[in-house]
Amino acid sequence: MENPIAEHHNTRFRLGLIINPLAGVGGRAALKGSDGVAEQALAMGVEPQAHSRVRQALESLLPLRDRIRLLAAPGVMGADLLTDMGFDCEVVGALSCPPETSAEDTETIARQMSELGVDLLLFAGGDGTARNICNQLDGRQLVLGIPAGVKIHSGVYAVNPRAAGELVALLVQGELVRLREADVRDIDEQAFRNGQVRTRHYGELSVPEEGRFVQQVKQGGREVETLVLDDIAAGLQEAQEDGTGWILGPGSTTLGLLEAMGLEGTLLGVDVLHDGEVILRDATEQQLWELVEQGGDWRILVTAIGGQGHILGRGNQQLSPRIIRAVGLDNLLVVATKTKLRSLAGRPFLVDTGDSSLDSELSGLRRVLSGYREEMLYPVNWKAE
């Protein structure tokens, strides 16, 4: 269906904003999520990133502020950031137990905003936040997610914050944007922390659709092409030089490489290989920083999420911008079998590091290890094309 908002471009666009301020804090602490472990992550010194990601999205809207009527959740859930950025906003609802925030606050305020008739509800979080929104809204309310969580399996999120902002800007300016129903999915975090991926469908939400900006639903399952991975692993072993360290991102492909080398790794964590041995399993961002800060020759090896194409920013937030820059952009390699590349149907790899300038620097053609001493060039972008 076509965008009904385009018919009302002469009126101010009513935009609601809800931020889960603790979304994603478990990522850099290697906790595989934030539900129930936010306090643990904060105690480990992890700095919340949700507000910086929302700021990236909202920067695209600053030139259009006079055309937007902003309704925001109170305090750290929205209003504070908007005020800091120079937006005028109306506060909707109240926190049930300030200054703490809760899933119940998200649900209550989402319902209130929908009842007030927002044209679009923009929210920041992960799959848990999407579930909260889905619990209260029906398919008539248009929504869009800014990815800020560790787990982003749902199809209601933009590919990254900047893409979310550009898509909202299109709507504000009355551009014709198609709408679609997108799945809300979430996983069992406890099972996830034990290395098991169990996804469940919770419903659908209506989202604006623009192919470059909205991510696909993640493909589940673990497909390991054993013979191909054996070949890639053999090539990696031959290519390793004395003193070179390898930081391997999560995923069945990278785990398959370690298994082909006769090494034990983790499916959902970041592992570190040095001199042919795994020296660190399921590493946190701080542990990785302490390693690379000491200097030496390091490589980062990541794989793409099947169906989506993200190589950074989905389940591997331990590979933070400072880690990537310290290792060097030229030392970031992608491993992907031809089967996985075909599953992308020509779409580029996507990056969502939380640093817009770094995302732009990473864009372009990147080396992909796809077989024994076989490399391919594949495009990387901060938005799908």
# chains A, B, ... in the order shown; residues from 1 in each chain; ligands from 1
$ residues_around --residues "A:Pro250" --least-positions-apart "2" --cutoff "9 Å" --atoms "only C-alpha atoms" --output "list in words"
Leu248, Ser252, Thr253, Thr254, Leu255, Thr266, Leu267, Leu268, Gly269, Val270, Asp271, Asp282, Val302, Thr303, Gly315 and Asn316 of chain A
$ residues_around --residues "A:Glu59" --least-positions-apart "5" --cutoff "9 Å" --atoms "only C-alpha atoms" --output "list of chain:residue names"
A:Val54, A:Met85, A:Arg162, A:Gly165
$ write_last_selection --atoms "N, CA and C atoms" --output "PDB file, in the first residue's frame"
ATOM      1  N   VAL A  54      20.542   7.037  18.616  1.00  0.00           N
ATOM      2  CA  VAL A  54      19.358   7.840  18.284  1.00  0.00           C
ATOM      3  C   VAL A  54      19.782   9.217  17.784  1.00  0.00           C
ATOM      4  N   MET A  85      19.428  18.290  21.720  1.00  0.00           N
ATOM      5  CA  MET A  85      19.717  18.496  20.301  1.00  0.00           C
ATOM      6  C   MET A  85      19.036  19.733  19.724  1.00  0.00           C
ATOM      7  N   ARG A 162      21.498   5.928  10.892  1.00  0.00           N
ATOM      8  CA  ARG A 162      21.479   6.950   9.850  1.00  0.00           C
ATOM      9  C   ARG A 162      20.404   6.648   8.812  1.00  0.00           C
ATOM     10  N   GLY A 165      17.030   7.654  10.131  1.00  0.00           N
ATOM     11  CA  GLY A 165      16.798   9.089  10.010  1.00  0.00           C
ATOM     12  C   GLY A 165      16.438   9.508   8.602  1.00  0.00           C
TER      13      GLY A 165
END
$ closest_residue --among "A:Gly256, A:Gly93, A:Gly139, A:Gly128" --to "A:Gln112" --atoms "only C-alpha atoms"
A:Gly93
$ residues_around --residues "A:Ser52" --least-positions-apart "4" --cutoff "10 Å" --atoms "only C-alpha atoms" --output "PDB file with N, CA, C and O atoms, in the first residue's frame"
ATOM      1  N   PRO A  48      26.355   2.884  28.011  1.00  0.00           N
ATOM      2  CA  PRO A  48      25.202   2.711  27.126  1.00  0.00           C
ATOM      3  C   PRO A  48      25.387   3.481  25.823  1.00  0.00           C
ATOM      4  O   PRO A  48      25.927   4.581  25.808  1.00  0.00           O
ATOM      5  N   GLN A  56      22.375   9.927  16.064  1.00  0.00           N
ATOM      6  CA  GLN A  56      22.745   9.768  14.659  1.00  0.00           C
ATOM      7  C   GLN A  56      21.518   9.814  13.752  1.00  0.00           C
ATOM      8  O   GLN A  56      21.531  10.427  12.682  1.00  0.00           O
ATOM      9  N   ALA A  57      20.454   9.143  14.191  1.00  0.00           N
ATOM     10  CA  ALA A  57      19.229   9.113  13.388  1.00  0.00           C
ATOM     11  C   ALA A  57      18.581  10.491  13.306  1.00  0.00           C
ATOM     12  O   ALA A  57      18.131  10.921  12.231  1.00  0.00           O
ATOM     13  N   LEU A  58      18.545  11.192  14.422  1.00  0.00           N
ATOM     14  CA  LEU A  58      17.833  12.465  14.477  1.00  0.00           C
ATOM     15  C   LEU A  58      18.562  13.597  13.768  1.00  0.00           C
ATOM     16  O   LEU A  58      17.950  14.612  13.426  1.00  0.00           O
ATOM     17  N   LEU A  81      17.175  13.848  25.314  1.00  0.00           N
ATOM     18  CA  LEU A  81      18.010  13.898  24.124  1.00  0.00           C
ATOM     19  C   LEU A  81      17.486  14.923  23.131  1.00  0.00           C
ATOM     20  O   LEU A  81      18.261  15.695  22.544  1.00  0.00           O
ATOM     21  N   ALA A 148      19.480  -0.604  18.310  1.00  0.00           N
ATOM     22  CA  ALA A 148      20.371  -0.247  19.409  1.00  0.00           C
ATOM     23  C   ALA A 148      20.659  -1.446  20.301  1.00  0.00           C
ATOM     24  O   ALA A 148      21.485  -1.354  21.203  1.00  0.00           O
ATOM     25  N   PRO A 161      21.190   3.442  12.329  1.00  0.00           N
ATOM     26  CA  PRO A 161      20.524   4.686  12.743  1.00  0.00           C
ATOM     27  C   PRO A 161      20.423   5.739  11.653  1.00  0.00           C
ATOM     28  O   PRO A 161      19.398   6.408  11.506  1.00  0.00           O
ATOM     29  N   GLY A 354      27.995   1.992  14.888  1.00  0.00           N
ATOM     30  CA  GLY A 354      27.697   3.028  15.862  1.00  0.00           C
ATOM     31  C   GLY A 354      28.488   4.294  15.618  1.00  0.00           C
ATOM     32  O   GLY A 354      28.272   5.307  16.282  1.00  0.00           O
ATOM     33  N   ASP A 355      29.409   4.272  14.660  1.00  0.00           N
ATOM     34  CA  ASP A 355      30.235   5.419  14.293  1.00  0.00           C
ATOM     35  C   ASP A 355      29.976   5.690  12.811  1.00  0.00           C
ATOM     36  O   ASP A 355      30.444   4.955  11.943  1.00  0.00           O
TER      37      ASP A 355
END
$ residues_around --residues "A:Asn331" --least-positions-apart "5" --cutoff "10 Å" --atoms "only C-alpha atoms" --output "list of chain:residue names"
A:Trp246, A:Asp297, A:Trp298, A:Arg299, A:Ile300, A:Leu301, A:Ile324, A:Arg325, A:Ala326, A:Arg367
